[in-house]
>>> print(open('model-v7.tsv').read())   # TSV, C-alpha atoms
chain	number	residue	atom	x	y	z
A	1	MET	CA	-0.08	-91.06	62.39
A	2	THR	CA	0.35	-94.53	60.97
A	3	LYS	CA	2.42	-95.34	57.93
A	4	ASN	CA	0.93	-96.60	54.70
A	5	PRO	CA	1.14	-100.40	54.44
A	6	LYS	CA	3.67	-101.74	51.93
A	7	GLN	CA	2.30	-103.81	49.08
A	8	ILE	CA	3.04	-107.45	49.72
A	9	GLY	CA	4.30	-109.39	46.70
A	10	SER	CA	1.81	-111.97	45.49
A	11	LYS	CA	1.72	-114.47	42.66
A	12	GLN	CA	-1.40	-112.94	41.10
A	13	PRO	CA	-0.60	-109.97	38.86
A	14	SER	CA	-1.64	-106.86	40.71
A	15	HIS	CA	-2.03	-103.34	39.43
A	16	PRO	CA	0.08	-100.72	41.27
A	17	LEU	CA	-3.13	-99.04	42.48
A	18	ASP	CA	-4.73	-102.24	43.79
A	19	ASP	CA	-4.00	-101.23	47.39
A	20	LEU	CA	-6.27	-98.17	46.97
A	21	ILE	CA	-9.24	-99.72	45.13
A	22	ARG	CA	-11.84	-102.19	46.32
A	23	THR	CA	-10.76	-104.92	43.92
A	24	ASP	CA	-13.78	-107.08	44.72
A	25	ARG	CA	-15.99	-104.43	43.05
A	26	ILE	CA	-13.87	-104.15	39.88
A	27	PRO	CA	-14.73	-104.11	36.93
A	28	HIS	CA	-16.65	-100.94	37.75
A	29	ILE	CA	-19.97	-99.83	36.24
A	30	TRP	CA	-18.52	-97.17	33.91
A	31	CYS	CA	-19.10	-97.81	30.19
A	32	PRO	CA	-16.34	-98.81	27.76
A	33	GLY	CA	-14.59	-95.60	26.66
A	34	CYS	CA	-15.89	-93.55	29.60
A	35	GLY	CA	-13.29	-91.14	30.96
A	36	ILE	CA	-14.29	-91.29	34.63
A	37	GLY	CA	-12.08	-94.34	35.27
A	38	THR	CA	-9.04	-92.42	34.07
A	39	VAL	CA	-9.83	-89.42	36.29
A	40	PHE	CA	-10.37	-91.78	39.21
A	41	SER	CA	-7.08	-93.60	38.69
A	42	SER	CA	-5.30	-90.27	38.26
A	43	CYS	CA	-6.81	-89.10	41.56
A	44	LEU	CA	-5.57	-92.27	43.27
A	45	THR	CA	-2.09	-91.79	41.80
A	46	ALA	CA	-2.09	-88.21	43.08
A	47	ILE	CA	-3.17	-89.36	46.56
A	48	LYS	CA	-0.32	-91.87	46.52
A	49	ALA	CA	2.17	-89.26	45.32
A	50	THR	CA	1.42	-86.84	48.19
A	51	GLU	CA	2.87	-89.47	50.62
A	52	ILE	CA	0.31	-88.40	53.22
A	53	PRO	CA	-0.97	-91.42	55.23
A	54	TYR	CA	-4.14	-92.83	53.73
A	55	ASN	CA	-6.12	-92.45	56.96
A	56	GLU	CA	-5.86	-88.66	56.59
A	57	PHE	CA	-7.99	-88.69	53.43
A	58	THR	CA	-11.73	-88.74	52.92
A	59	MET	CA	-13.50	-88.89	49.59
A	60	VAL	CA	-17.01	-87.48	49.33
A	61	SER	CA	-19.28	-87.76	46.32
A	62	GLY	CA	-22.86	-87.02	45.41
A	63	ILE	CA	-25.05	-88.84	42.89
A	64	GLY	CA	-24.24	-89.69	39.30
A	65	CYS	CA	-21.85	-91.81	37.28
A	66	SER	CA	-18.70	-90.08	38.59
A	67	ALA	CA	-20.00	-90.17	42.13
A	68	ARG	CA	-19.65	-93.94	42.14
A	69	GLY	CA	-15.95	-93.27	42.69
A	70	ALA	CA	-16.43	-93.04	46.46
A	71	GLY	CA	-17.58	-96.64	46.43
A	72	TYR	CA	-14.49	-97.93	44.67
A	73	ILE	CA	-11.82	-96.24	46.77
A	74	LYS	CA	-10.44	-98.21	49.71
A	75	LEU	CA	-10.33	-95.19	52.03
A	76	ASP	CA	-12.94	-93.56	54.21
A	77	SER	CA	-15.56	-92.32	51.80
A	78	PHE	CA	-19.08	-90.96	51.72
A	79	HIS	CA	-21.63	-91.41	48.94
A	80	THR	CA	-24.03	-88.63	49.85
A	81	THR	CA	-27.37	-87.25	48.67
A	82	HIS	CA	-27.79	-85.62	45.28
A	83	GLY	CA	-25.92	-82.32	44.96
A	84	ARG	CA	-24.92	-82.25	48.62
A	85	ALA	CA	-21.38	-83.57	48.37
A	86	ILE	CA	-19.87	-80.16	49.19
A	87	PRO	CA	-22.00	-79.52	52.34
A	88	PHE	CA	-21.07	-82.99	53.66
A	89	ALA	CA	-17.42	-82.31	52.86
A	90	SER	CA	-17.60	-78.91	54.58
A	91	GLY	CA	-19.03	-80.57	57.69
A	92	ILE	CA	-16.26	-83.15	57.74
A	93	LYS	CA	-13.64	-80.45	57.31
A	94	MET	CA	-15.07	-78.28	60.11
A	95	ALA	CA	-15.29	-81.25	62.49
A	96	LYS	CA	-11.86	-82.63	61.67
A	97	PRO	CA	-9.68	-79.91	60.11
A	98	ASP	CA	-6.69	-82.27	59.79
A	99	LEU	CA	-8.38	-84.44	57.18
A	100	ASN	CA	-7.75	-83.92	53.48
A	101	VAL	CA	-11.26	-83.90	52.04
A	102	ILE	CA	-11.66	-84.64	48.34
A	103	VAL	CA	-15.00	-84.16	46.59
A	104	PHE	CA	-15.18	-86.37	43.49
A	105	SER	CA	-18.34	-85.78	41.51
A	106	GLY	CA	-19.83	-84.90	38.18
A	107	ASP	CA	-20.96	-81.69	36.53
A	108	GLY	CA	-24.66	-82.41	37.02
A	109	ASP	CA	-24.25	-83.05	40.72
A	110	LEU	CA	-21.89	-80.15	41.45
A	111	PHE	CA	-23.27	-77.45	39.15
A	112	ALA	CA	-26.93	-78.16	38.49
A	113	ILE	CA	-28.55	-79.38	41.71
A	114	GLY	CA	-25.51	-78.47	43.83
A	115	GLY	CA	-24.59	-75.19	42.15
A	116	ASN	CA	-25.46	-73.04	45.12
A	117	HIS	CA	-23.40	-75.14	47.51
A	118	PHE	CA	-20.43	-74.88	45.18
A	119	ILE	CA	-20.41	-71.08	44.96
A	120	HIS	CA	-20.84	-70.66	48.71
A	121	ALA	CA	-18.11	-73.13	49.61
A	122	ALA	CA	-15.82	-71.26	47.20
A	123	ARG	CA	-16.87	-67.92	48.69
A	124	ARG	CA	-16.06	-69.10	52.21
A	125	ASN	CA	-12.85	-70.72	50.96
A	126	MET	CA	-13.48	-74.12	52.57
A	127	ASP	CA	-10.23	-76.06	52.59
A	128	ILE	CA	-11.43	-78.90	50.32
A	129	THR	CA	-10.44	-80.23	46.90
A	130	VAL	CA	-13.23	-80.50	44.34
A	131	ILE	CA	-12.68	-82.68	41.28
A	132	CYS	CA	-15.46	-82.26	38.73
A	133	VAL	CA	-15.69	-84.80	35.93
A	134	ASN	CA	-17.36	-82.84	33.12
A	135	ASN	CA	-18.92	-85.12	30.51
A	136	LEU	CA	-21.25	-82.40	29.18
A	137	ASN	CA	-24.54	-84.17	29.98
A	138	TYR	CA	-26.47	-86.15	32.60
A	139	GLY	CA	-24.92	-89.52	31.83
A	140	MET	CA	-26.52	-91.80	34.41
A	141	THR	CA	-30.14	-90.85	33.71
A	142	GLY	CA	-29.92	-91.23	29.94
A	143	GLY	CA	-28.12	-88.24	28.47
A	144	GLN	CA	-30.36	-85.25	29.19
A	145	VAL	CA	-29.24	-81.66	28.66
A	146	ALA	CA	-27.12	-80.34	31.55
A	147	ALA	CA	-25.90	-76.95	32.72
A	148	THR	CA	-22.61	-77.66	30.92
A	149	THR	CA	-23.93	-78.96	27.58
A	150	PRO	CA	-22.47	-76.80	24.80
A	151	SER	CA	-24.84	-74.72	22.64
A	152	ARG	CA	-26.41	-76.63	19.75
A	153	ALA	CA	-25.28	-80.04	21.08
A	154	LYS	CA	-27.91	-82.76	20.77
A	155	THR	CA	-29.12	-84.63	23.84
A	156	THR	CA	-32.18	-86.73	24.68
A	157	THR	CA	-34.15	-83.66	25.76
A	158	THR	CA	-32.79	-81.30	23.07
A	159	PRO	CA	-33.10	-83.31	19.83
A	160	PHE	CA	-32.73	-80.14	17.70
A	161	GLY	CA	-29.69	-78.93	19.62
A	162	ASN	CA	-29.27	-77.14	22.93
A	163	PRO	CA	-30.58	-73.57	22.61
A	164	ASP	CA	-28.91	-72.35	25.84
A	165	SER	CA	-25.38	-71.34	26.72
A	166	PRO	CA	-23.38	-73.55	29.09
A	167	PHE	CA	-21.65	-72.57	32.32
A	168	ASN	CA	-18.01	-71.59	32.10
A	169	LEU	CA	-16.88	-73.55	35.16
A	170	PRO	CA	-13.39	-72.04	35.71
A	171	LEU	CA	-14.90	-68.54	35.49
A	172	LEU	CA	-17.65	-69.50	37.94
A	173	ALA	CA	-15.11	-70.90	40.41
A	174	TYR	CA	-12.83	-67.87	40.02
A	175	ALA	CA	-15.66	-65.38	40.42
A	176	SER	CA	-16.89	-67.20	43.54
A	177	GLY	CA	-13.47	-66.92	45.15
A	178	ALA	CA	-11.73	-70.30	44.73
A	179	SER	CA	-8.00	-70.39	45.61
A	180	TYR	CA	-6.99	-72.90	42.94
A	181	VAL	CA	-8.73	-73.42	39.60
A	182	ALA	CA	-7.49	-75.72	36.85
A	183	ARG	CA	-8.87	-77.56	33.88
A	184	TRP	CA	-7.46	-80.64	32.14
A	185	THR	CA	-8.75	-83.46	29.96
A	186	ILE	CA	-8.30	-87.18	30.47
A	187	LEU	CA	-5.75	-87.22	27.65
A	188	HIS	CA	-3.44	-84.95	29.69
A	189	VAL	CA	-3.23	-87.50	32.51
A	190	ARG	CA	0.20	-86.53	33.83
A	191	ASP	CA	-0.70	-82.84	34.07
A	192	LEU	CA	-4.00	-83.81	35.66
A	193	THR	CA	-2.25	-85.95	38.28
A	194	ASN	CA	0.15	-83.12	39.08
A	195	ALA	CA	-2.75	-80.67	39.34
A	196	ILE	CA	-4.68	-82.94	41.74
A	197	ASN	CA	-1.53	-83.41	43.80
A	198	GLU	CA	-1.04	-79.63	43.94
A	199	ALA	CA	-4.70	-79.09	44.79
A	200	ILE	CA	-4.59	-81.57	47.70
A	201	ARG	CA	-1.57	-79.79	49.18
A	202	LYS	CA	-3.13	-76.36	48.57
A	203	LYS	CA	-4.74	-74.70	51.57
A	204	GLY	CA	-8.08	-73.32	50.46
A	205	PHE	CA	-10.82	-74.19	48.01
A	206	SER	CA	-9.30	-76.01	45.02
A	207	PHE	CA	-11.34	-76.81	41.94
A	208	ILE	CA	-10.27	-79.00	39.03
A	209	GLU	CA	-12.51	-79.47	36.03
A	210	VAL	CA	-11.71	-82.57	33.97
A	211	LEU	CA	-13.18	-83.02	30.50
A	212	ALA	CA	-14.09	-86.65	29.93
A	213	PRO	CA	-15.83	-88.37	27.03
A	214	CYS	CA	-19.28	-89.91	27.48
A	215	PRO	CA	-19.42	-92.10	24.36
A	216	ILE	CA	-22.72	-93.82	25.12
A	217	ASN	CA	-25.00	-90.92	25.97
A	218	TYR	CA	-23.37	-87.72	24.69
A	219	GLY	CA	-21.09	-89.09	21.98
A	220	ARG	CA	-23.65	-91.28	20.27
A	221	ARG	CA	-26.07	-88.38	19.73
A	222	ASN	CA	-23.35	-86.00	18.54
A	223	LYS	CA	-21.57	-88.46	16.21
A	224	GLU	CA	-18.48	-88.69	18.39
A	225	LYS	CA	-16.91	-92.04	19.24
A	226	SER	CA	-14.72	-92.00	22.35
A	227	LEU	CA	-11.54	-91.96	20.25
A	228	ASP	CA	-12.91	-89.00	18.22
A	229	THR	CA	-13.40	-87.09	21.48
A	230	MET	CA	-9.82	-87.94	22.47
A	231	LYS	CA	-8.59	-86.66	19.07
A	232	LEU	CA	-10.53	-83.46	19.73
A	233	TYR	CA	-8.77	-83.16	23.11
A	234	GLN	CA	-5.45	-83.68	21.34
A	235	GLU	CA	-5.94	-81.26	18.46
A	236	LYS	CA	-8.34	-78.59	19.67
A	237	THR	CA	-6.95	-77.72	23.09
A	238	ILE	CA	-4.51	-74.99	24.04
A	239	ILE	CA	-2.41	-75.33	27.21
A	240	LYS	CA	-2.03	-71.88	28.73
A	241	ASN	CA	-1.30	-71.55	32.43
A	242	GLY	CA	-2.50	-68.36	34.07
A	243	ALA	CA	-4.98	-67.66	31.28
A	244	ASP	CA	-8.00	-65.42	31.80
A	245	PRO	CA	-10.85	-67.68	33.04
A	246	GLY	CA	-13.29	-65.43	31.16
A	247	ARG	CA	-12.02	-66.89	27.91
A	248	ALA	CA	-12.21	-70.50	29.10
A	249	ASP	CA	-15.59	-71.41	27.64
A	250	ILE	CA	-15.77	-74.79	25.93
A	251	ASP	CA	-15.76	-74.17	22.19
A	252	PHE	CA	-13.89	-76.86	20.31
A	253	GLU	CA	-13.95	-74.85	17.08
A	254	ARG	CA	-11.96	-72.03	18.64
A	255	GLY	CA	-9.92	-74.25	20.95
A	256	VAL	CA	-10.44	-75.07	24.61
A	257	ILE	CA	-7.98	-73.52	27.07
A	258	LEU	CA	-6.43	-75.93	29.57
A	259	GLY	CA	-4.10	-75.28	32.46
A	260	THR	CA	-4.02	-73.67	35.88
A	261	PHE	CA	-6.14	-70.52	35.83
A	262	VAL	CA	-5.95	-69.37	39.44
A	263	ASP	CA	-3.45	-70.13	42.21
A	264	THR	CA	-3.76	-67.62	45.05
A	265	ASP	CA	-3.69	-67.68	48.83
A	266	ARG	CA	-6.53	-66.41	51.01
A	267	SER	CA	-7.43	-67.23	54.61
A	268	THR	CA	-9.65	-70.31	54.77
A	269	CYS	CA	-13.04	-70.71	56.42
A	270	ASP	CA	-11.55	-72.65	59.32
A	271	ASP	CA	-8.87	-70.01	60.01
A	272	MET	CA	-11.42	-67.20	59.94
A	273	TYR	CA	-13.76	-69.15	62.23
A	274	GLU	CA	-10.89	-69.75	64.66
A	275	VAL	CA	-10.03	-66.04	64.80
A	276	THR	CA	-13.58	-64.73	64.92
A	277	CYS	CA	-15.61	-67.21	66.93
A	278	ARG	CA	-13.28	-69.40	68.99
A	279	GLN	CA	-11.03	-66.72	70.54
A	280	CYS	CA	-13.07	-66.41	73.76
A	281	SER	CA	-13.97	-70.06	74.17
A	282	GLU	CA	-10.80	-70.92	76.10
A	283	ASP	CA	-11.79	-68.78	79.10
B	1	MET	CA	10.40	-93.64	17.84
B	2	ALA	CA	9.84	-91.02	15.16
B	3	PHE	CA	11.53	-87.65	15.67
B	4	TRP	CA	11.23	-84.65	13.37
B	5	ARG	CA	14.88	-83.93	14.17
B	6	GLN	CA	17.36	-86.43	15.56
B	7	PRO	CA	18.42	-85.25	19.05
B	8	LEU	CA	22.15	-84.60	19.36
B	9	ASP	CA	22.62	-86.88	22.37
B	10	THR	CA	20.72	-89.91	21.04
B	11	GLN	CA	23.74	-92.14	21.50
B	12	GLU	CA	24.20	-91.27	25.18
B	13	ILE	CA	20.61	-91.67	26.30
B	14	GLN	CA	19.81	-94.98	27.96
B	15	ILE	CA	16.32	-96.15	27.07
B	16	THR	CA	14.54	-98.11	29.78
B	17	LYS	CA	12.93	-101.39	28.91
B	18	GLY	CA	9.59	-102.51	30.21
B	19	VAL	CA	7.20	-105.41	30.32
B	20	VAL	CA	3.50	-104.83	29.67
B	21	ASN	CA	1.21	-106.67	32.08
B	22	ILE	CA	-2.45	-107.03	31.10
B	23	ILE	CA	-5.19	-108.14	33.49
B	24	GLU	CA	-7.45	-109.38	30.69
B	25	ASP	CA	-10.68	-109.89	32.59
B	26	ARG	CA	-10.82	-106.24	33.68
B	27	CYS	CA	-10.55	-104.88	30.11
B	28	LYS	CA	-13.61	-103.35	28.39
B	29	GLY	CA	-11.92	-102.83	25.02
B	30	CYS	CA	-11.97	-99.01	24.82
B	31	GLY	CA	-8.71	-99.05	22.85
B	32	TYR	CA	-7.10	-96.01	24.55
B	33	CYS	CA	-3.87	-97.88	25.36
B	34	ILE	CA	-3.66	-99.15	21.78
B	35	GLU	CA	-4.30	-95.73	20.23
B	36	PHE	CA	-2.03	-93.70	22.49
B	37	CYS	CA	0.94	-96.06	23.08
B	38	PRO	CA	3.90	-93.91	21.93
B	39	MET	CA	5.72	-97.00	20.58
B	40	HIS	CA	2.58	-98.48	18.93
B	41	ILE	CA	3.25	-101.94	20.31
B	42	LEU	CA	-0.31	-102.84	21.37
B	43	ALA	CA	-3.17	-104.25	19.29
B	44	PHE	CA	-6.53	-105.89	19.90
B	45	SER	CA	-6.20	-109.65	20.34
B	46	ASP	CA	-8.49	-112.14	18.60
B	47	HIS	CA	-9.70	-113.94	21.69
B	48	PHE	CA	-12.43	-112.80	24.08
B	49	ASN	CA	-12.16	-112.20	27.81
B	50	LYS	CA	-14.69	-113.23	30.44
B	51	LYS	CA	-16.95	-110.24	29.67
B	52	GLY	CA	-16.83	-110.68	25.88
B	53	TYR	CA	-14.38	-107.90	24.98
B	54	HIS	CA	-11.14	-108.20	23.01
B	55	PRO	CA	-8.30	-107.31	25.43
B	56	PRO	CA	-5.10	-105.79	24.03
B	57	GLN	CA	-1.96	-107.79	23.34
B	58	THR	CA	1.65	-106.72	22.75
B	59	THR	CA	2.73	-107.11	19.15
B	60	LYS	CA	6.37	-106.10	19.74
B	61	PRO	CA	7.00	-106.87	23.44
B	62	ASP	CA	10.72	-105.97	23.22
B	63	GLU	CA	9.99	-102.34	22.28
B	64	CYS	CA	8.18	-101.27	25.47
B	65	VAL	CA	10.04	-98.33	27.05
B	66	ASN	CA	8.20	-98.47	30.40
B	67	CYS	CA	6.64	-95.01	30.01
B	68	HIS	CA	3.52	-96.09	31.99
B	69	TYR	CA	1.19	-94.16	29.68
B	70	CYS	CA	-1.05	-97.20	29.09
B	71	GLU	CA	-1.20	-97.64	32.85
B	72	ILE	CA	-2.30	-94.08	33.59
B	73	ILE	CA	-4.78	-93.72	30.74
B	74	CYS	CA	-6.51	-97.09	31.28
B	75	PRO	CA	-9.91	-96.40	32.88
B	76	GLU	CA	-10.21	-100.01	34.05
B	77	PHE	CA	-7.00	-100.64	36.05
B	78	ALA	CA	-6.37	-103.43	33.52
B	79	ILE	CA	-2.88	-102.70	32.14
B	80	TYR	CA	0.39	-101.67	33.71
B	81	SER	CA	4.06	-101.78	32.85
B	82	THR	CA	6.97	-102.83	35.01
B	83	GLU	CA	10.68	-102.54	34.49
B	84	ALA	CA	12.11	-105.42	32.49
B	85	PRO	CA	14.44	-107.72	34.46
B	86	LEU	CA	18.03	-107.41	33.27
>>> encode(input="model-v7.tsv", output="structure tokens")
Amino acid sequence: MTKNPKQIGSKQPSHPLDDLIRTDRIPHIWCPGCGIGTVFSSCLTAIKATEIPYNEFTMVSGIGCSARGAGYIKLDSFHTTHGRAIPFASGIKMAKPDLNVIVFSGDGDLFAIGGNHFIHAARRNMDITVICVNNLNYGMTGGQVAATTPSRAKTTTTPFGNPDSPFNLPLLAYASGASYVARWTILHVRDLTNAINEAIRKKGFSFIEVLAPCPINYGRRNKEKSLDTMKLYQEKTIIKNGADPGRADIDFERGVILGTFVDTDRSTCDDMYEVTCRQCSED
Amino acid sequence: MAFWRQPLDTQEIQITKGVVNIIEDRCKGCGYCIEFCPMHILAFSDHFNKKGYHPPQTTKPDECVNCHYCEIICPEFAIYSTEAPL
């Protein structure tokens, strides 16, 4: 395969990641204080750090704020229909098993409308990397209650507080059979970059949940400025690798557990398909 | 930098020096780099950029240790540090 092009020195100041972003579309649409930009840049740094040629990557995303990421990356990328990022990614992976497929999307896209696709891709152990930016609400449509909104949190559609319990995403991924499950926040950028790097190299379904502030839609209604959310990430999180995903629910009063929850090896969907269905096709 | 206990090998450790580069027109003024710079050398500037935000400026440019934390936490690709020329 080809080598990655070297950055050519220019007079204009250029960011070290400028060779991986579509600079003509920057500044991006994300609000001031939004954490998606940090997750995106951390993902690009991780892609760079793997030293795999760029033409062996594909980024797939669904609909939502975070899903705009696929439009800003200067690699092959797909901006797909709502909730269907994982089916598209599975198709790409089955057609071209050599590609490293990264799904970059939000909690609403992956776990509300696309929840079923997520659990089945994890069950089949598709060899893809799923990065879920969890901002605890539907940011793009105006801050409605989502499947991940904590109990009693205020949103546009729950002005008295959310009466329901949220999903525990690491537990959901673990129970569905994911090979790699981790959770970080945007404050722990270096750990997050290492985790994404590890997840890209990992064979099997890798899932990384990233907590990110949404100051405009979630923060404003819950009296949290973006820096307050960052302080919460600094003070009320516990880093504990190998922790029980069952205790990983998001409760900032008790402390939110971060780290790698699951890192196991299991035969992937493509391997199983090769063994079961393609063994006679050579005759 | 503030330590709760002075490390024993402080004298032997070579501290790298860096230069902070700011692409002002990309900044949206979230203040993450200013808040989380370990050396506290950044502050909001008084002037506006093209979009009407106050971009950061270095208050003590000599004290940058090239840790790249501003670079990796910036959501806007607007700040990065490079090694200072000797």
>>> interface_residues(input="model-v7.tsv", of="chain A", to="chain B", cutoff="12 Å", atoms="all atoms listed in the file", output="PDB file with C-alpha atoms, in the frame of the given file")
ATOM      1  CA  GLN A  12      -1.400-112.940  41.100  1.00  0.00           C
ATOM      2  CA  PRO A  13      -0.600-109.970  38.860  1.00  0.00           C
ATOM      3  CA  SER A  14      -1.640-106.860  40.710  1.00  0.00           C
ATOM      4  CA  HIS A  15      -2.030-103.340  39.430  1.00  0.00           C
ATOM      5  CA  PRO A  16       0.080-100.720  41.270  1.00  0.00           C
ATOM      6  CA  LEU A  17      -3.130 -99.040  42.480  1.00  0.00           C
ATOM      7  CA  ASP A  18      -4.730-102.240  43.790  1.00  0.00           C
ATOM      8  CA  ASP A  19      -4.000-101.230  47.390  1.00  0.00           C
ATOM      9  CA  LEU A  20      -6.270 -98.170  46.970  1.00  0.00           C
ATOM     10  CA  ILE A  21      -9.240 -99.720  45.130  1.00  0.00           C
ATOM     11  CA  ARG A  22     -11.840-102.190  46.320  1.00  0.00           C
ATOM     12  CA  THR A  23     -10.760-104.920  43.920  1.00  0.00           C
ATOM     13  CA  ASP A  24     -13.780-107.080  44.720  1.00  0.00           C
ATOM     14  CA  ARG A  25     -15.990-104.430  43.050  1.00  0.00           C
ATOM     15  CA  ILE A  26     -13.870-104.150  39.880  1.00  0.00           C
ATOM     16  CA  PRO A  27     -14.730-104.110  36.930  1.00  0.00           C
ATOM     17  CA  HIS A  28     -16.650-100.940  37.750  1.00  0.00           C
ATOM     18  CA  ILE A  29     -19.970 -99.830  36.240  1.00  0.00           C
ATOM     19  CA  TRP A  30     -18.520 -97.170  33.910  1.00  0.00           C
ATOM     20  CA  CYS A  31     -19.100 -97.810  30.190  1.00  0.00           C
ATOM     21  CA  PRO A  32     -16.340 -98.810  27.760  1.00  0.00           C
ATOM     22  CA  GLY A  33     -14.590 -95.600  26.660  1.00  0.00           C
ATOM     23  CA  CYS A  34     -15.890 -93.550  29.600  1.00  0.00           C
ATOM     24  CA  GLY A  35     -13.290 -91.140  30.960  1.00  0.00           C
ATOM     25  CA  ILE A  36     -14.290 -91.290  34.630  1.00  0.00           C
ATOM     26  CA  GLY A  37     -12.080 -94.340  35.270  1.00  0.00           C
ATOM     27  CA  THR A  38      -9.040 -92.420  34.070  1.00  0.00           C
ATOM     28  CA  VAL A  39      -9.830 -89.420  36.290  1.00  0.00           C
ATOM     29  CA  PHE A  40     -10.370 -91.780  39.210  1.00  0.00           C
ATOM     30  CA  SER A  41      -7.080 -93.600  38.690  1.00  0.00           C
ATOM     31  CA  SER A  42      -5.300 -90.270  38.260  1.00  0.00           C
ATOM     32  CA  CYS A  43      -6.810 -89.100  41.560  1.00  0.00           C
ATOM     33  CA  LEU A  44      -5.570 -92.270  43.270  1.00  0.00           C
ATOM     34  CA  THR A  45      -2.090 -91.790  41.800  1.00  0.00           C
ATOM     35  CA  ALA A  46      -2.090 -88.210  43.080  1.00  0.00           C
ATOM     36  CA  GLY A  69     -15.950 -93.270  42.690  1.00  0.00           C
ATOM     37  CA  TYR A  72     -14.490 -97.930  44.670  1.00  0.00           C
ATOM     38  CA  THR A 185      -8.750 -83.460  29.960  1.00  0.00           C
ATOM     39  CA  ILE A 186      -8.300 -87.180  30.470  1.00  0.00           C
ATOM     40  CA  LEU A 187      -5.750 -87.220  27.650  1.00  0.00           C
ATOM     41  CA  HIS A 188      -3.440 -84.950  29.690  1.00  0.00           C
ATOM     42  CA  VAL A 189      -3.230 -87.500  32.510  1.00  0.00           C
ATOM     43  CA  ARG A 190       0.200 -86.530  33.830  1.00  0.00           C
ATOM     44  CA  ASP A 191      -0.700 -82.840  34.070  1.00  0.00           C
ATOM     45  CA  LEU A 192      -4.000 -83.810  35.660  1.00  0.00           C
ATOM     46  CA  THR A 193      -2.250 -85.950  38.280  1.00  0.00           C
ATOM     47  CA  ALA A 212     -14.090 -86.650  29.930  1.00  0.00           C
ATOM     48  CA  PRO A 213     -15.830 -88.370  27.030  1.00  0.00           C
ATOM     49  CA  CYS A 214     -19.280 -89.910  27.480  1.00  0.00           C
ATOM     50  CA  PRO A 215     -19.420 -92.100  24.360  1.00  0.00           C
ATOM     51  CA  ILE A 216     -22.720 -93.820  25.120  1.00  0.00           C
ATOM     52  CA  LYS A 225     -16.910 -92.040  19.240  1.00  0.00           C
ATOM     53  CA  SER A 226     -14.720 -92.000  22.350  1.00  0.00           C
ATOM     54  CA  LEU A 227     -11.540 -91.960  20.250  1.00  0.00           C
ATOM     55  CA  ASP A 228     -12.910 -89.000  18.220  1.00  0.00           C
ATOM     56  CA  THR A 229     -13.400 -87.090  21.480  1.00  0.00           C
ATOM     57  CA  MET A 230      -9.820 -87.940  22.470  1.00  0.00           C
ATOM     58  CA  LYS A 231      -8.590 -86.660  19.070  1.00  0.00           C
ATOM     59  CA  GLN A 234      -5.450 -83.680  21.340  1.00  0.00           C
TER      60      GLN A 234
END
>>> residues_around(input="model-v7.tsv", residues="Asn100 (chain A)", least_positions_apart="2", cutoff="12 Å", atoms="only C-alpha atoms", output="PyMOL selection string")
chain A and resi 47+50+52-60+75-77+89-90+92-94+96-98+102-103+126-130+197+199-206
>>> closest_residue(input="model-v7.tsv", among="A:Glu198, A:His82, A:Asp263, A:Gly64", to="His117 (chain A)", atoms="only C-alpha atoms")
A:His82
>>> residues_around(input="model-v7.tsv", residues="Asp46 (chain B)", least_positions_apart="6", cutoff="12 Å", atoms="all atoms listed in the file", output="VMD selection string")
chain B and resid 29 52 to 57
>>> atom_distance(input="model-v7.tsv", atom1="CA of Pro159 (chain A)", atom2="CA of Gly108 (chain A)")
19.2 Å
>>> closest_residue(input="model-v7.tsv", among="A:Ala147, A:Leu136, A:Ala178, A:Leu99", to="Phe118 (chain A)", atoms="all atoms listed in the file")
A:Ala178
>>> closest_residue(input="model-v7.tsv", among="A:Cys65, A:Ala173, A:Leu232, A:Cys269", to="Pro245 (chain A)", atoms="all atoms listed in the file")
A:Ala173
>>> atom_distance(input="model-v7.tsv", atom1="CA of Arg266 (chain A)", atom2="CA of Phe88 (chain A)")
22.2 Å
>>> atom_distance(input="model-v7.tsv", atom1="CA of Tyr233 (chain A)", atom2="CA of Glu209 (chain A)")
13.9 Å
>>> residues_around(input="model-v7.tsv", residues="His40 (chain B)", least_positions_apart="3", cutoff="10 Å", atoms="all atoms listed in the file", output="list in words")
Met1, Cys33, Ile34, Glu35, Phe36, Cys37, Ala43, Thr58, Thr59, Lys60, Glu63 and Cys64 of chain B
>>> write_last_selection(input="model-v7.tsv", atoms="C-alpha atoms", output="PDB file, in the coordinates of the input")
ATOM      1  CA  MET B   1      10.400 -93.640  17.840  1.00  0.00           C
ATOM      2  CA  CYS B  33      -3.870 -97.880  25.360  1.00  0.00           C
ATOM      3  CA  ILE B  34      -3.660 -99.150  21.780  1.00  0.00           C
ATOM      4  CA  GLU B  35      -4.300 -95.730  20.230  1.00  0.00           C
ATOM      5  CA  PHE B  36      -2.030 -93.700  22.490  1.00  0.00           C
ATOM      6  CA  CYS B  37       0.940 -96.060  23.080  1.00  0.00           C
ATOM      7  CA  ALA B  43      -3.170-104.250  19.290  1.00  0.00           C
ATOM      8  CA  THR B  58       1.650-106.720  22.750  1.00  0.00           C
ATOM      9  CA  THR B  59       2.730-107.110  19.150  1.00  0.00           C
ATOM     10  CA  LYS B  60       6.370-106.100  19.740  1.00  0.00           C
ATOM     11  CA  GLU B  63       9.990-102.340  22.280  1.00  0.00           C
ATOM     12  CA  CYS B  64       8.180-101.270  25.470  1.00  0.00           C
TER      13      CYS B  64
END
>>> residues_near_point(input="model-v7.tsv", point="(-27.2, -84.9, 45.8)", cutoff="8 Å", atoms="only C-alpha atoms", output="ChimeraX atom specification")
/A:62-63,80-85,109,113-114
>>> residues_around(input="model-v7.tsv", residues="Glu83 (chain B)", least_positions_apart="6", cutoff="8 Å", atoms="all atoms listed in the file", output="PyMOL selection string")
chain B and resi 16-19+66
